[in-house]
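Asks: What follows is a single structure, and I will ask about it in a moment.
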Amino acid sequence: MTKLLDWFSAGRTSGKYTLPFVVILLSITVLASAANLLLPQDSALYVSTYSITLLGKYLCYAMLALAVDIIWGYCGILSLGHGAFFALGGYAMGMYLMRQIGDRGVYSNPLLPDFMVFLDWKELPWFWLGMDQFWFAMLMAVIVPGLLAFVFGWLAFRSRVTGVYLSIMTQALTYALLLAFFRNEMGFGGNNGLTDFKEILGFDLQADATRVSLFLITAILLAGIFVLSQRILSSRLGKVTLAVRDAEARTRFIGYRTERYKVWLFVYSAVIAGIAGALYVPQVGIINPGEFSPINSIEIVIWVAVGGRGTLIGAIIGALLVNYAKTRFTAIMPDGWLFALGAMFVLVTLYLPKGLVGLYGQLTSKRGAKAKQEATS
Amino acid sequence: MSAFDQPLQGLRDTFRRDQVWPFLTPEQAKVDVANQMILYVEDLNLSFDGFKALNNLNLYVRDGELRCLIGANGAGKTTLMDVITGKTQCDSGTVYFGQNHNLLTKDEADIAQLGIGRKFQKPTVFEAQTVFDNLELSLKTDKRVLPTLLSRLSSSDIERINDVLAIIGLYGQRFMKAGALSHGQKQWLEIGMLLVSDPRLLLIDEPVAGMTAQETERTAELLTSLAGDRTVIVVEHDMEFVRSIARTVTVLHQGSVLAEGTMDQIQSNKDVIEVYLGEEADA
Amino acid sequence: ADTIKVGVLHSLSGTMAISETTLKDTVLMMVEEQNKKGGLLGKKLEAVVVDPASNWPLFAEKTRELLTQDEVDVIFGCWTSVSRKSVLPVIEELNGLMFYPVQYEGEESSKNVFYTGAAPNQQAIPAVNYLKDELGVERWVLAGTDYVYPRTTNKILEAYLKDMGVAEEDIMINYTPFGHSDWQSIVSDINKFGSAGKKTAVVSTINGDANVPFYKELGNQGISSEDIPVVAFSVGEEELSGLDTAPLVGHLAAWNYFQSVETEENEEFITQWKAFTKNPDRVTNDPMEATFIGFNMWANAVKDAGTTDVDAVEQAMIGQETPNLTGGIAVMNKNHHLSKPVLIGEIQDDGQFETVWETDGVVAGDAWSDFLPGSKDLIADWTDPVKCGNYNTKTKACSGQNY
Amino acid sequence: MNVILTLCLLLGALMPFSSAYAATGEASAQSASPMLVELTKTKLSKMPAVLEKLEAEGGDAYLPLFRTWLAGNLYYVKSDRTLVEKVGSGKQVTYQVMFSGESRPDITKKQVKKVKVNNKLRSLLRSVIARIQLTSENPKVREGAVRELLAKLDKNLIGILETLYVEEESRDVKAMMGTALSLFAASDKSNSQSVRLSAIEDLSESLENDVRNGLTKLTNDSNEAIAAAAEKALVSINQRVERYALVDQLFFGLSLGSVLLLASIGLAITFGVMGVINMAHGEMIMLGAYTTYVVQLMMPNHIDYSIWVAIPAAFLVSGLMGVLIERLVICRLHGRPLETLLATFGISLILQQLVRTIFSPLNRQVSTPSWMSGSLEINPVLSLTLNRLYILAFALLVFMALVLLLKKSSLGLNVRAVSQNRNMAKAMGVKTEWVDAMTFGLGSGIAGIAGVALSQLTNVGPNLGQSYIIDSFMVVVFGGVGNLMGTLVAAFTLGIANKFLEPTTGAVLAAILVLVFIILFIQKRPKGLFPQKGRAAE
Amino acid sequence: MISINKVNQLYGGTQILWDLDLDIVPKSITCIMGRNGVGKTTLLKAIMGLLPIQNGEITMDNEALHKQSAERRAYAGIGYVPQGRDIFPMLTVEENLRIGLPVRKSKDIPEKIFELFPVLKEMLHRRGGDLSGGQQQQLAIGRALVLEPKVLILDEPNEGIQPNIVKQIGDVILKLNVEEGLTVILVEQKLGFARRVGKEFRLMEKGRIVAADKMENLNDELIKQYLAV
Ligand SMILES: Nc1ncnc2c1ncn2[C@@H]1O[C@H](COP(=O)(O)OP(=O)(O)OP(=O)(O)O)[C@@H](O)[C@H]1O
Ligand SMILES: Nc1ncnc2c1ncn2[C@@H]1O[C@H](COP(=O)(O)OP(=O)(O)OP(=O)(O)O)[C@@H](O)[C@H]1O
Ligand SMILES: NC(N)=O
Ligand SMILES: [Mg+2]
Ligand SMILES: [Mg+2]
């Protein structure tokens, strides 16, 4: 225990972005929340609930990107199926919210969600049991993705499935889940998924205060996960992770069981994705199998690449930026926004090989070099 | 008949009186060198698509010995190391580390943790990390996940790394990315990684390739000083170097041992001259 | 505001763009027409188009954007049921107004939504009746894409068919994933199922993209409409325009509208549409008519209410009447669904439908199916005193509504 | 002599001589037959009666009329109710006077009205035509006519068939007639038990669907011996049918496999050999499909040949697009394979939106050439659809051509060298830039060709590519990256597995199971079916 | 033959070659020596065109090379045997050898290569990457010889090669130099070999040529100054 505390306190020195990031993130969220709750609607500084939910969604995506970056950027495992863990976390939360509706559904069935009633289900499937308990559902939101990641990772890493083979298998995984969740027989609402939630822990989901709280919680968790991840990655385990990424075979020859490292990192990443999914659902109000779609998972990878792979801050910035661009583009030029987004991806790849964070690095190093030059001449 | 051979053999092995059942042997038990031998390689066979890379190879190495392994290109030296370190699965034969560790049942990480370190023929280091980190990773520590996560560099660790940095002459480059080192520097770094991990048995594949004469000398000194506490097996084609360090030399040819003896014996061996050294041994 | 804002919430990219883009254009055309007529309440109409990109959560987000950022007065939008379900909580929370123009599975009635597409009883049930009575069909294949609309429709049809005495083994139900493209086995199964000596028909709730390969396979395996007719609920003129229809002549569709119906209103509408899209080959279809009716009703309701205030317009909507493009008058009922005629048409080789049967009068859309055990007792009625979208006539209770 | 006489008598019974018969060759039959005018005035629901009268009146002579009607090409001139036949389609419609064939360029679309036809009527028309065609010159037609009538046998018809049977010279037609006679004899309760039993015996050879239906009915016959015999015959027929069903399934599997193969060969090059994670591969397929559409648009009167133009055109369009992409983007990403994922994803978005903008988001219509339509009927329970058959052959052909090209030309060697060590390849004098551009162009071009084939099977729309990209990657990886043979085997394995699962599990579950199978399989063989071996593959 | 004029080269921010001048005498065998990391490999890569140079010029027979791509330089007659061999690992030995054939517009691998390295003929159909280190080195030299170059660049060609073949390689270099007038640039650490084969030497330190002379003038002092650690 003391060892653990000790370990954490050692983390304070790691990562020069950590502190500024946490401070900026939390102050923005607190200010925005205050502006939403305390200021009158017509005030110039008022932040609309629309913006709050939007920001909340972005932060969930940022958390998801963080999860992908940890295993891709740091460990070299390109997962094209992380959307699956996100969606599973989301479904756990969705099931809880669904059960919270109780008999306020359109068919007033106290036990069965509406979609089960009209498809003529008679009883609640076993895997829905217990989901009316918040703690249990939240446990599931991390355990199910974690367990899936563990089983999948254990199989794959032990058999030394690597590279594109692994990537495509993760894609197959999420694709299989997509098809499975589409099936109405599965008992997750089929294509429609779960929606029309009413309240969470007794708080009205449509109330501004609830939304703001969710937003704040997301920000705090994101900051926490960021710090924790930063700490983990700057420990020796982080160095092993990089070693695995760059020369896995060599790492084994100096005595590390790389498959175990990979499995645990994969599980850690999946759990983060699950948490992100669980936070996402109450804020956007729906979870459905579309989240399992392979294209979604590819997009996550792209956020990370745009922001800058291998830097946690890059993943977050990438997620925020791409999603903000999407929001803006779809509203400003609904007919041509794909041109803009596509071009953005191409240009970033061509001109910012290390992503946006790399751009910052380039600029500062250029400035630094210039300064040096001036100093020497 | 032959279909039963393997399981039968397996059964026999299981009940050998001189051995503890494999599943009862403690994973990291101390290496048993009561018989002075640290490495037993017996009847090793390995073929790739019909090509016999190792052919009934037998090799015994004493504890604390410095053994040179030479042999023509393609004789199977690197392949032998691959088998010992668990990189390659052999077709038949046994490899024991001490009397109690059957290496053929273990994987690379296990073998490394038993204390067998290796330097590759083509230097492989973690290019994206600094020289220092490369060494830190190679430290002899608990390499399980959780301990690694919670571990911190102790001052003795740092000291050890600095010592090694001095030995390999990369102190000045310790915060440089290993990928930016020149070929020869990578060779040194790899030797450093070996040193820092404090192994029982070192397998060193062509350490002086690409080194200047003086560096070669230094390497020779280094390796000689290591022997005694540790066992060192060196593969090299540089005869001068081999001569300067060797006590026993084993010559491999076409996957089996062609000759074994002192350097002088070897250098006058007709077969060795014919297939390996050439008419007038080149200096 | 000095304009009345009309939100358009149809996917312009992604998988649904194929269907929804047309509806966006239809709304734009309607807005333009209305402005030519001088707008509404003395103000011009202004369309606000966004692209929810076939992404369901994005539909909710964009709805919120339309209602709170753009402050639109009405939204025309959605195609798939899941997008509608995603939008529903938002539109109810913010008390917006939406017109949904696509045939769907029913089982819903929101205060803030008007359903101008067909409910199952306005499409599926009449189609089955036609097949049974006119073509003597005794064996049924219910083939659909695996999602809620086909599932529900088929549940309803199954119950209905069994009520009529069709045996279990004379019903074959088959679901396929979205975008299913390899229909060889299924078509061959259908063929086998239909070769048992009893007249067989396929009732297809196959959606969008999967239809083209399905019909191509039908044609290639030589299944003609005389052997095994297929009646579809999601295949209209637009879908046919992507197909060589020659091998499909005689297969059927049930809709409330066909482009080929000859009425003055329709002719005008088609001309307008071709002019608006500057494409003489552009076709029209049923969801377009539903949009047309919805738009006109809304415009009239705004005029009647003298305001765009949602509550006022909502009340003014009920009982609105507007001419159908196929003749007769569409009426907005208390359950926010329309009364419309039902037509059955056969595919022609020019990609149009030839009406072969139609209901005598209009059929009132039923929000809650009488053939599902859970919803038998439910009705929707948005007038006093009930004012509820899912009122249980047995328990006299209204459940789960926030307004 | 005797025969002819009987035949004449027969025909006479079937269609009493009428003025229509004599008038056939003359300018207009209508003046002579009010029935034909009636045709233009009757409501659809009353039409069957009219048809019956027409058959009785005109018989053989009205065959062209019935055919035109069935095809939906029968119109009448509004002003004088002359029946005309619509010829041609699209913008090149002309009208010819029914029977005389006289062209009437003066008549326009506006002046005519269609004589309606619906399913019920079509079905009747087919029977009528079949009855007339029993005496056709062409044995194939006669055989078809008998088959058509198998389900509609009655005393009258059997009488005719019996006579025709004696005279029939073609063995096939005779056999078919025999089947018809036996089918009737077996179910005719007025026959003695032994006659019926031997008829059933005869039927057990037939694979005709109507025979099976007839036999199924007989299994409920009050005569137990008959029921048992029918049961037995059915069992033996069903065994054969099932065997053919297996062949059918195999064909479906091969056919799905060939689609997967086509979709993934291009990727096997751009991704498998070059190592570019090419997310725009699907869009290259899409471009090929759109090229087919444009080609058909440009040669509306030569749809049958359009494919032969479309194949090279699609290869060029997609290939050039590939070269363009390579030169502008991919070539700057050497040594950064993961970044190609990002860039090509961007490109795929752009290309999708591009066709959406140019061609609209709607599906485009691509017609199937007549030589590719229909199916190859091997027997009544086994027929292979022609388009699938051609596509299967085509896929194999493209595959072989590619393998040959890579084997025989230096391109194959060079591209592998470049992908393994670009710098060293340069130092060996390999024009790496040219090799890259050509290879990417080749892979893209082949994807374009795949698009031509897919346009025959599925939607030609902006999402076409998206629906194949996942499958393509799956196939290439399952087969073993960099191994063309692996791609071939993987495609067919997955195709066949899918099609053998589908009947028991349904399409959705089959797809899921195949995915799970792939995931588990890769655990066993982490580098696919045909892994790259050797020290360097580590 | 080849002359290098004030070449500067940088890796990212760090400069490796500094205003480097070097003249290679035609038909000579020039041995470049220096400690690890002084920039020998970098220099050879710059000559071959595998690394861009910052400025300066490289000419061959008075034609500017530095503006040409590496493949053009191969056509111009430079053969390169890199340090670390850089075999195409998944190509067979035969394919490795065939790669260079188009440069000489020939269809067959010259038989002399198999005479020089018989092991290559034995292993013709094995993947290059599967060969032992020494076999790969022989393949790398053979591969360069397929180009029938005018100038052969060898970066530590004896690394990992068995003694009798080292000798053989030395003989080959001398033979090609004498019989075919091949110009050779050789980076070599082993003095014995350098002395036996080299005609000229150049010593490098910190990215510069610091000494140049005939091989016989390579004395212990120079060695001590520039090669000892
Ligand atoms: N995966 C493989 N497939 C085929 N042949 C192989 C493989 N691995 C090694 N070989 C062959 O086995 C033989 C032994 O190779 P090995 O690398 O052990 O030689 P070595 O003694 O280390 O030679 P060197 O001194 O040149 O490094 C060589 O002939 C090599 O070509
Ligand atoms: N890719 C690289 N990025 C940055 N620096 C590099 C890179 N490659 C080499 N260097 C640096 O350039 C210097 C010269 O390297 P080079 O490989 O030319 O040395 P060398 O003289 O060939 O040494 P050796 O004898 O060890 O082969 C070294 O100090 C090395 O650290
Ligand atoms: N409502 C539909 N067609 O999804
Ligand atoms: Mg070796
Ligand atoms: Mg070097």
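Every chain in the structure tokens takes a letter, A first, then B, and so on in the order presented; its residues are numbered from 1, and the ligands are numbered from 1 following the presented order.
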List as CSV every residue of chain E that is in contact with ligand 4, defined as an atom at most 9 Å from one of its atoms (using only C-alpha atoms and all ligand atoms), together with the nearest atom pair and the distance in Å rounded to one decimal, sorted by chain and then rising number.
Replies:
```
residue,atom,partner,partner_atom_place_in_ligand_line,distance
E:Leu131,CA,ligand 4,1 (Mg),8.9
E:Ser132,CA,ligand 4,1 (Mg),5.3
E:Gly133,CA,ligand 4,1 (Mg),5.0
E:Gly134,CA,ligand 4,1 (Mg),7.0
E:Gly160,CA,ligand 4,1 (Mg),7.5
```
Asks: Emit the selected residues as a short mmCIF file (atom, residue, chain, number, x, y, z; two decimals), in the first residue's frame, including N, CA, C and O atoms.
Replies:
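In the end it all went to result.cif:
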```cif
data_model
loop_
_atom_site.label_atom_id
_atom_site.label_comp_id
_atom_site.auth_asym_id
_atom_site.auth_seq_id
_atom_site.Cartn_x
_atom_site.Cartn_y
_atom_site.Cartn_z
N LEU E 131 19.60 -17.25 -44.94
CA LEU E 131 21.02 -17.57 -44.99
C LEU E 131 21.71 -17.18 -43.70
O LEU E 131 21.24 -16.33 -42.96
N SER E 132 22.84 -17.80 -43.45
CA SER E 132 23.64 -17.40 -42.30
C SER E 132 24.24 -16.04 -42.61
O SER E 132 24.27 -15.61 -43.76
N GLY E 133 24.73 -15.41 -41.54
CA GLY E 133 25.25 -14.06 -41.72
C GLY E 133 26.31 -13.99 -42.80
O GLY E 133 26.28 -13.12 -43.66
N GLY E 134 27.24 -14.92 -42.75
CA GLY E 134 28.33 -14.88 -43.71
C GLY E 134 27.84 -15.15 -45.13
O GLY E 134 28.31 -14.54 -46.08
N GLY E 160 31.81 -10.90 -40.27
CA GLY E 160 31.12 -12.17 -40.12
C GLY E 160 31.45 -13.20 -41.16
O GLY E 160 30.67 -14.10 -41.40
#
```
Asks: Please check which protein, DNA or RNA residues sit within 10 Å of ligand 5, counting only C-alpha atoms and all ligand atoms, and write them as a ChimeraX atom specification.
Replies: /B:181-185,210-211 /E:33-45,82-84,155-156,187-189
Asks: Between atom CA of Gly169 of chain B and atom CA of Ile16 of chain E, measure the distance and give it in Å to one decimal.
Replies: 19.2 Å
Asks: Hey, list the chain B side of the contact with chain D: 12 Å cut-off, only C-alpha atoms, answer as a list of chain:residue names.
Replies: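 Here they are: B:Phe48, B:Asp49, B:Thr78, B:Thr79, B:Asp82, B:Lys87, B:Thr88.
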Asks: Using only C-alpha atoms, find the residues of chain B whose closest atom to chain E is at most 9 Å away, then write them as a PyMOL selection string.
Replies: chain B and resi 70-79+121-122+180-185+206+208-215+236-239+273-283
Asks: Enumerate, as a PDB file with all heavy atoms, in the first residue's frame, the complete set of residues in segment 213-276 of chain C that a backbone-based DSSP assignment places in strand (DSSP E).
Replies:
```pdb
ATOM      1  N   VAL C 230     -43.301 -10.965 -55.447  1.00  0.00           N
ATOM      2  CA  VAL C 230     -42.715 -10.338 -54.264  1.00  0.00           C
ATOM      3  C   VAL C 230     -43.416  -9.009 -54.051  1.00  0.00           C
ATOM      4  O   VAL C 230     -43.498  -8.203 -54.977  1.00  0.00           O
ATOM      5  CB  VAL C 230     -41.217 -10.063 -54.468  1.00  0.00           C
ATOM      6  CG1 VAL C 230     -40.635  -9.336 -53.269  1.00  0.00           C
ATOM      7  CG2 VAL C 230     -40.465 -11.355 -54.713  1.00  0.00           C
ATOM      8  N   VAL C 231     -43.938  -8.802 -52.871  1.00  0.00           N
ATOM      9  CA  VAL C 231     -44.511  -7.492 -52.584  1.00  0.00           C
ATOM     10  C   VAL C 231     -43.625  -6.810 -51.546  1.00  0.00           C
ATOM     11  O   VAL C 231     -43.318  -7.372 -50.510  1.00  0.00           O
ATOM     12  CB  VAL C 231     -45.974  -7.589 -52.111  1.00  0.00           C
ATOM     13  CG1 VAL C 231     -46.115  -8.447 -50.884  1.00  0.00           C
ATOM     14  CG2 VAL C 231     -46.531  -6.200 -51.841  1.00  0.00           C
ATOM     15  N   ALA C 232     -43.180  -5.609 -51.911  1.00  0.00           N
ATOM     16  CA  ALA C 232     -42.206  -4.938 -51.067  1.00  0.00           C
ATOM     17  C   ALA C 232     -42.802  -3.687 -50.445  1.00  0.00           C
ATOM     18  O   ALA C 232     -43.678  -3.050 -51.027  1.00  0.00           O
ATOM     19  CB  ALA C 232     -40.980  -4.568 -51.888  1.00  0.00           C
ATOM     20  N   LEU C 252     -44.420  -6.655 -56.943  1.00  0.00           N
ATOM     21  CA  LEU C 252     -45.360  -5.660 -56.427  1.00  0.00           C
ATOM     22  C   LEU C 252     -44.766  -4.790 -55.334  1.00  0.00           C
ATOM     23  O   LEU C 252     -43.744  -5.128 -54.724  1.00  0.00           O
ATOM     24  CB  LEU C 252     -46.564  -6.394 -55.836  1.00  0.00           C
ATOM     25  CG  LEU C 252     -47.262  -7.342 -56.802  1.00  0.00           C
ATOM     26  CD1 LEU C 252     -47.651  -8.613 -56.088  1.00  0.00           C
ATOM     27  CD2 LEU C 252     -48.450  -6.661 -57.418  1.00  0.00           C
ATOM     28  N   ALA C 253     -45.436  -3.705 -55.106  1.00  0.00           N
ATOM     29  CA  ALA C 253     -45.113  -2.899 -53.941  1.00  0.00           C
ATOM     30  C   ALA C 253     -46.398  -2.298 -53.413  1.00  0.00           C
ATOM     31  O   ALA C 253     -47.343  -2.067 -54.184  1.00  0.00           O
ATOM     32  CB  ALA C 253     -44.127  -1.795 -54.300  1.00  0.00           C
ATOM     33  N   ALA C 254     -46.456  -2.097 -52.132  1.00  0.00           N
ATOM     34  CA  ALA C 254     -47.613  -1.447 -51.531  1.00  0.00           C
ATOM     35  C   ALA C 254     -47.182  -0.108 -50.968  1.00  0.00           C
ATOM     36  O   ALA C 254     -46.219  -0.032 -50.204  1.00  0.00           O
ATOM     37  CB  ALA C 254     -48.174  -2.326 -50.414  1.00  0.00           C
ATOM     38  N   TRP C 255     -47.852   0.938 -51.396  1.00  0.00           N
ATOM     39  CA  TRP C 255     -47.509   2.282 -50.945  1.00  0.00           C
ATOM     40  C   TRP C 255     -48.801   3.103 -50.875  1.00  0.00           C
ATOM     41  O   TRP C 255     -49.871   2.634 -51.255  1.00  0.00           O
ATOM     42  CB  TRP C 255     -46.561   2.976 -51.925  1.00  0.00           C
ATOM     43  CG  TRP C 255     -45.146   2.484 -51.993  1.00  0.00           C
ATOM     44  CD1 TRP C 255     -44.595   1.779 -53.014  1.00  0.00           C
ATOM     45  CD2 TRP C 255     -44.109   2.707 -51.045  1.00  0.00           C
ATOM     46  NE1 TRP C 255     -43.272   1.533 -52.746  1.00  0.00           N
ATOM     47  CE2 TRP C 255     -42.949   2.089 -51.544  1.00  0.00           C
ATOM     48  CE3 TRP C 255     -44.041   3.369 -49.803  1.00  0.00           C
ATOM     49  CZ2 TRP C 255     -41.734   2.112 -50.870  1.00  0.00           C
ATOM     50  CZ3 TRP C 255     -42.833   3.388 -49.143  1.00  0.00           C
ATOM     51  CH2 TRP C 255     -41.682   2.757 -49.671  1.00  0.00           C
TER      52      TRP C 255
END
```
Asks: Can you work out which residues from chain D touch chain C at a cut-off of 6 Å (counting only C-alpha atoms) and hand them back as a ChimeraX atom specification?
Replies: /D:119,123,213,361-365,367,374,385,457-459,507-508
Asks: Go ahead and write the residues just picked, N, CA, C and O atoms, as a PDB file, in the first residue's frame.
Replies:
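Output saved as part-v7.pdb:
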```
ATOM      1  N   ASN D 119     -50.246 -10.044 -63.006  1.00  0.00           N
ATOM      2  CA  ASN D 119     -49.705 -11.368 -62.735  1.00  0.00           C
ATOM      3  C   ASN D 119     -50.649 -12.492 -63.111  1.00  0.00           C
ATOM      4  O   ASN D 119     -50.271 -13.481 -63.717  1.00  0.00           O
ATOM      5  N   SER D 123     -49.984 -15.274 -66.030  1.00  0.00           N
ATOM      6  CA  SER D 123     -49.992 -16.700 -65.789  1.00  0.00           C
ATOM      7  C   SER D 123     -50.897 -17.412 -66.789  1.00  0.00           C
ATOM      8  O   SER D 123     -50.528 -18.423 -67.392  1.00  0.00           O
ATOM      9  N   ASN D 213     -44.650 -32.411 -56.652  1.00  0.00           N
ATOM     10  CA  ASN D 213     -45.881 -31.937 -56.019  1.00  0.00           C
ATOM     11  C   ASN D 213     -47.015 -32.932 -56.235  1.00  0.00           C
ATOM     12  O   ASN D 213     -47.792 -33.222 -55.326  1.00  0.00           O
ATOM     13  N   PRO D 361     -26.472  10.747 -54.870  1.00  0.00           N
ATOM     14  CA  PRO D 361     -26.313   9.656 -53.906  1.00  0.00           C
ATOM     15  C   PRO D 361     -27.108   8.415 -54.285  1.00  0.00           C
ATOM     16  O   PRO D 361     -26.994   7.388 -53.639  1.00  0.00           O
ATOM     17  N   LEU D 362     -27.922   8.522 -55.323  1.00  0.00           N
ATOM     18  CA  LEU D 362     -28.775   7.383 -55.669  1.00  0.00           C
ATOM     19  C   LEU D 362     -27.966   6.294 -56.364  1.00  0.00           C
ATOM     20  O   LEU D 362     -26.952   6.554 -56.975  1.00  0.00           O
ATOM     21  N   ASN D 363     -28.477   5.093 -56.266  1.00  0.00           N
ATOM     22  CA  ASN D 363     -27.866   4.006 -57.023  1.00  0.00           C
ATOM     23  C   ASN D 363     -28.028   4.248 -58.509  1.00  0.00           C
ATOM     24  O   ASN D 363     -29.039   4.790 -58.946  1.00  0.00           O
ATOM     25  N   ARG D 364     -27.039   3.819 -59.249  1.00  0.00           N
ATOM     26  CA  ARG D 364     -27.137   3.948 -60.712  1.00  0.00           C
ATOM     27  C   ARG D 364     -27.480   2.600 -61.304  1.00  0.00           C
ATOM     28  O   ARG D 364     -27.120   1.552 -60.762  1.00  0.00           O
ATOM     29  N   GLN D 365     -28.161   2.667 -62.438  1.00  0.00           N
ATOM     30  CA  GLN D 365     -28.622   1.429 -63.034  1.00  0.00           C
ATOM     31  C   GLN D 365     -27.605   0.868 -64.021  1.00  0.00           C
ATOM     32  O   GLN D 365     -27.240   1.526 -64.989  1.00  0.00           O
ATOM     33  N   SER D 367     -27.137  -2.362 -66.501  1.00  0.00           N
ATOM     34  CA  SER D 367     -27.899  -3.486 -67.034  1.00  0.00           C
ATOM     35  C   SER D 367     -27.000  -4.695 -67.234  1.00  0.00           C
ATOM     36  O   SER D 367     -25.798  -4.574 -67.424  1.00  0.00           O
ATOM     37  N   GLY D 374     -30.021 -14.940 -67.029  1.00  0.00           N
ATOM     38  CA  GLY D 374     -30.607 -16.268 -67.030  1.00  0.00           C
ATOM     39  C   GLY D 374     -29.664 -17.284 -66.439  1.00  0.00           C
ATOM     40  O   GLY D 374     -28.675 -16.948 -65.812  1.00  0.00           O
ATOM     41  N   THR D 385     -26.744 -19.905 -62.273  1.00  0.00           N
ATOM     42  CA  THR D 385     -27.003 -18.608 -62.893  1.00  0.00           C
ATOM     43  C   THR D 385     -25.791 -18.188 -63.709  1.00  0.00           C
ATOM     44  O   THR D 385     -24.655 -18.293 -63.257  1.00  0.00           O
ATOM     45  N   LEU D 457     -23.916  -7.498 -59.946  1.00  0.00           N
ATOM     46  CA  LEU D 457     -24.541  -8.232 -58.847  1.00  0.00           C
ATOM     47  C   LEU D 457     -25.204  -7.342 -57.828  1.00  0.00           C
ATOM     48  O   LEU D 457     -26.131  -7.741 -57.150  1.00  0.00           O
ATOM     49  N   THR D 458     -24.710  -6.123 -57.700  1.00  0.00           N
ATOM     50  CA  THR D 458     -25.161  -5.348 -56.556  1.00  0.00           C
ATOM     51  C   THR D 458     -25.323  -3.884 -56.910  1.00  0.00           C
ATOM     52  O   THR D 458     -25.232  -3.510 -58.067  1.00  0.00           O
ATOM     53  N   ASN D 459     -25.572  -3.079 -55.902  1.00  0.00           N
ATOM     54  CA  ASN D 459     -25.795  -1.653 -56.087  1.00  0.00           C
ATOM     55  C   ASN D 459     -24.601  -0.964 -56.690  1.00  0.00           C
ATOM     56  O   ASN D 459     -23.480  -1.218 -56.272  1.00  0.00           O
ATOM     57  N   ALA D 507     -28.440 -16.093 -42.475  1.00  0.00           N
ATOM     58  CA  ALA D 507     -27.344 -15.302 -43.018  1.00  0.00           C
ATOM     59  C   ALA D 507     -26.562 -14.567 -41.935  1.00  0.00           C
ATOM     60  O   ALA D 507     -25.341 -14.502 -41.977  1.00  0.00           O
ATOM     61  N   VAL D 508     -27.256 -14.015 -40.952  1.00  0.00           N
ATOM     62  CA  VAL D 508     -26.575 -13.198 -39.954  1.00  0.00           C
ATOM     63  C   VAL D 508     -25.643 -14.057 -39.109  1.00  0.00           C
ATOM     64  O   VAL D 508     -24.459 -13.759 -38.950  1.00  0.00           O
TER      65      VAL D 508
END
```
Asks: Extract, using only C-alpha atoms, all DNA, RNA and protein residues at most 9 Å from Trp264 of chain A, discarding same-chain residues fewer than 5 positions from it, and format them as number ranges by chain.
Replies: A: 149-150, 153, 259, 269; B: 145
Asks: Can you pull out the residues contacting segment 285-292 of chain D? Cut-off 10 Å, using only C-alpha atoms, and skip same-chain residues under 5 positions away; I want them as a ChimeraX atom specification.
Replies: /D:262-264,266,280,297-298,306-319,321,351-352,355,359,363-367,444-456,458-466,468-469
Asks: At a cut-off of 7 Å, list the chain A residues touching chain D, using only C-alpha atoms, as a PyMOL selection string.
Replies: chain A and resi 155-156+159-161+165+168-169+172+176+179-180+302+338-339+342-343+345-346+349-350
Asks: At a cut-off of 7 Å and counting only C-alpha atoms and all ligand atoms, what residues surround ligand 3? Please answer as a ChimeraX atom specification.
Replies: /C:79-81,102-105,149,234
